[in-house]
Amino acid sequence: MVTQAYRFALDPTPGQERALWSHAGAARFAWNWGLAACRDRYDAEGKWWSGVELHRLWNQVKKTDPGLGWWGENSKCVYQEAFRDLDRALRDFVRSRKGVRRGRRLGFPRFKRRGRCRDSFRFCTGVMRCGGRTVTLPRLGTIATHESTRKLARRVENGTARILSATVSRTAHRWHVSFTVQVNRTIAEGHVRPGSAVGVDLGVKTLLTAVDDQGRVIEVAGPKALRAGLRKLRRLGKAHSRKQRGSANRAKAAGRLARHHAHVADMRADALHKATTHLAARYETVVVEDLNVTGMIANRRLARAVADQGFGAVRRMLEYKTGWNGGRLVVADRWFPSSKTCSGCGARKPSLSLSERTFRCEACGLVLGRDVNAAINLRDLAASGAERLNACGGDVRPGPAGRPPAKQEPGTAQAGKTGTAAAQATATQRADAAFAHTSGNGVQ
């Protein structure tokens with residue numbers, strides 16, 4: 001049994017859309033109410049309420065405060081899940097300050113403001129089902145969907161899936177529902193092409209350059225969706241800034257700008273899904289670099305190009321797609337010099353500027369594309385079994401002060417480790433399941 005998500009676009013009626021806005025506002029109010037209660041208690045006692053305690057306090061206050069008489073218009077799950085999210089945010093904040101939580105340092109949770117935060121809410125109990133082109137949610141009833149839900153409905157009817165929760169969110173002008181589902185999924189014991197391997201080098205000029213064990217070169221240019229739509233993005237941004245604050249025209253301009261951003265994100269996700277699905281289905285071993293995406297985005301000259309390619313999403317998708325196909329993902333050490341090392345003789349250059357797109361070896365005279373040379377070195381790394389990690393499993397170089405070195409990602413195999421790494425996918429990763437069976441159209 002694995003946990004994955006099924007996401008569907010909704011087509012609500014005007015009355016249902018008002019109910020969606022009401023539930024989103026209730027979730028935002030519950031978050032702000034709980035955060036204010038936690039801050040007041042912390043100032044007085046030096047500790048805050050847990051999610052369960054907030055829910056008990058809310059049940060007491062909502063019946064006595066006349067200003068909260070409207071709470072019954074929305075599902076009780078909305079308030080309960082908002083308190084759980086706040087409790088999780090507070091615990092993550094503490095763990096981040098202590099250096100236990102991986103990733104960037106988190107700040108203290110902030111109050112949510114209408115129009116400045118993501119509109120979303122979640123159901124954990126009640127009637128949650130789907131069928132045909134409709135979904136049924138607690139207190140909202142049956143809502144039409146923009147696409148068919150038969151795939152999930154068939155799994156639920158056959159008893160191979162169970163819906164755990166439903167999260168409703170808004171992106172630009174469209175409402176979506178995401179079902180978190182426990183699915184009895186069959187994972188392949190072995191890859192259909194055992195022994196096949198490919199090295200993948202990510203770049204800003206080309207989305208990815210891969211070289212397989214047969215010497216074939218695969219290049220995916222990528223749509224560069226943000227760069228292609230940058231002119232329109234600037235025009236929409238200027239139009240939005242010129243509108244008077246609080247006016248209806250400014251709201252319309254904000255909607256047009258949000259729709260354009262959503263279109264750019266959809267184009268990028270579509271290209272990434274097609275490329276990663278093709279690689280995971282065709283090759284048993286996929287080798288990628290452990291790129292410092294956060295550090296690359298900090299470079300103001302590269303930030304836009306790096307963000308437009310979606311380097312982090314490529315690795316995340318390959319992690320679970322290789323596992324679904326019976327393969328494995330090998331992550332090279334962050335300091336492995338794939339671009340500076342000659343794939344012919346192994347000689348290493350002391351430095352290689354980013355502007356040098358052609359690799360020229362002074363030792364053996366090899367002349368090869370920079371990305372192709374790096375992909376060959378990554379492909380050969382899986383067969384060499386070179387160890388690139390220190391004893392504790394973190395990076396060789398130390399991290400920021402007060403933070404332990406990063407461990408290896410779940411569901412991946414580091415260079416030098418053999419065997420298939422079973423990917424334990426999260427709900428966000430499993431949301432991409434609908435694309436896992438697509439072919440590699442557009443991949444040459």
# chains A, B, ... in the order shown; residues from 1 in each chain; ligands from 1
>>> residues_around(residues="Ala363 of chain A", least_positions_apart="3", cutoff="10 Å", atoms="only C-alpha atoms", output="ChimeraX atom specification")
/A:342,344-349,360,366
>>> residues_around(residues="Arg97 of chain A", least_positions_apart="4", cutoff="12 Å", atoms="only C-alpha atoms", output="list of chain:residue names")
A:Leu90, A:Arg91, A:Asp92, A:Phe93, A:Arg101, A:Arg102, A:Gly103, A:Arg104, A:Arg105, A:Leu106, A:Gly107, A:Phe108, A:Ala401, A:Gly402, A:Arg403
>>> residues_around(residues="Gln182 of chain A", least_positions_apart="5", cutoff="10 Å", atoms="only C-alpha atoms", output="PyMOL selection string")
chain A and resi 1-5+156+160-164+427
>>> residues_around(residues="Glu73 of chain A", least_positions_apart="5", cutoff="12 Å", atoms="only C-alpha atoms", output="VMD selection string")
chain A and resid 18 to 23 25 to 26 68 78 to 79 138 to 140
>>> closest_atom_pairs(of="segment 145-226 of chain A", to="segment 247-269 of chain A", cutoff="6 Å", atoms="only C-alpha atoms", output="Markdown table")
| residue | atom | partner | partner_atom | distance |
| --- | --- | --- | --- | --- |
| A:Ala172 | CA | A:Ala258 | CA | 4.9 |
| A:Ala225 | CA | A:Val264 | CA | 5.3 |
| A:Leu226 | CA | A:Val264 | CA | 6.0 |
>>> write_last_selection(atoms="N, CA and C atoms", output="PDB file, in the first residue's frame")
ATOM      1  N   ALA A 172      -4.936  30.470  -9.476  1.00  0.00           N
ATOM      2  CA  ALA A 172      -5.429  31.456 -10.434  1.00  0.00           C
ATOM      3  C   ALA A 172      -6.956  31.468 -10.403  1.00  0.00           C
ATOM      4  N   ALA A 225       9.515  28.131 -20.401  1.00  0.00           N
ATOM      5  CA  ALA A 225       8.195  28.761 -20.399  1.00  0.00           C
ATOM      6  C   ALA A 225       8.247  30.186 -19.864  1.00  0.00           C
ATOM      7  N   LEU A 226       9.023  30.417 -18.819  1.00  0.00           N
ATOM      8  CA  LEU A 226       9.089  31.768 -18.263  1.00  0.00           C
ATOM      9  C   LEU A 226       9.753  32.726 -19.233  1.00  0.00           C
TER      10      LEU A 226
END
>>> residues_around(residues="Leu352 of chain A", least_positions_apart="2", cutoff="8 Å", atoms="only C-alpha atoms", output="mmCIF file with N, CA and C atoms, in the first residue's frame")
data_model
loop_
_atom_site.group_PDB
_atom_site.id
_atom_site.type_symbol
_atom_site.label_atom_id
_atom_site.label_comp_id
_atom_site.auth_asym_id
_atom_site.auth_seq_id
_atom_site.Cartn_x
_atom_site.Cartn_y
_atom_site.Cartn_z
ATOM 1 N N SER A 339 31.884 18.034 -14.949
ATOM 2 C CA SER A 339 32.147 18.905 -16.098
ATOM 3 C C SER A 339 33.633 19.136 -16.317
ATOM 4 N N LYS A 340 34.453 19.076 -15.253
ATOM 5 C CA LYS A 340 35.875 19.371 -15.368
ATOM 6 C C LYS A 340 36.710 18.147 -15.718
ATOM 7 N N LYS A 349 40.516 19.251 -15.255
ATOM 8 C CA LYS A 349 40.912 20.645 -15.405
ATOM 9 C C LYS A 349 40.792 21.352 -14.060
ATOM 10 N N PRO A 350 41.722 22.257 -13.771
ATOM 11 C CA PRO A 350 41.624 22.974 -12.495
ATOM 12 C C PRO A 350 40.440 23.914 -12.425
ATOM 13 N N LEU A 354 31.724 28.884 -16.901
ATOM 14 C CA LEU A 354 30.412 28.518 -17.410
ATOM 15 C C LEU A 354 30.242 28.893 -18.880
ATOM 16 N N GLU A 356 32.395 28.429 -21.244
ATOM 17 C CA GLU A 356 33.030 27.435 -22.106
ATOM 18 C C GLU A 356 32.058 26.276 -22.331
#
>>> atom_distance(atom1="atom CA of Arg154 of chain A", atom2="atom CA of Ser178 of chain A")
16.7 Å
>>> residues_around(residues="Arg7 of chain A", least_positions_apart="6", cutoff="7 Å", atoms="only C-alpha atoms", output="JSON list (two decimals) with C-alpha atoms, in the first residue's frame")
[["chain", "number", "residue", "atom", "x", "y", "z"],
["A", 176, "HIS", "CA", -8.86, 21.94, -7.63],
["A", 177, "VAL", "CA", -9.46, 19.01, -5.32],
["A", 178, "SER", "CA", -6.65, 16.64, -4.38],
["A", 179, "PHE", "CA", -7.57, 13.28, -2.87],
["A", 431, "ALA", "CA", 0.15, 13.55, -7.43]]
>>> closest_atom_pairs(of="segment 293-375 of chain A", to="segment 210-216 of chain A", cutoff="10 Å", atoms="only C-alpha atoms", output="Markdown table")
| residue | atom | partner | partner_atom | distance |
| --- | --- | --- | --- | --- |
| A:Asp371 | CA | A:Ala210 | CA | 8.3 |
| A:Val372 | CA | A:Val211 | CA | 6.9 |
| A:Asn373 | CA | A:Val211 | CA | 8.9 |
| A:Ala374 | CA | A:Ala210 | CA | 9.0 |
| A:Ala375 | CA | A:Ala210 | CA | 5.5 |
>>> closest_residue(among="A:Arg39, A:Arg28, A:Arg316, A:Arg155", to="Gln80 of chain A", atoms="only C-alpha atoms")
A:Arg28
>>> select_by_dssp(residues="segment 60-295 of chain A", states="strand (DSSP E or B)", output="VMD selection string")
chain A and resid 120 to 123 129 to 131 134 to 137 141 to 145 161 to 171 174 to 183 197 to 202 208 to 212 217 to 220 285 to 289
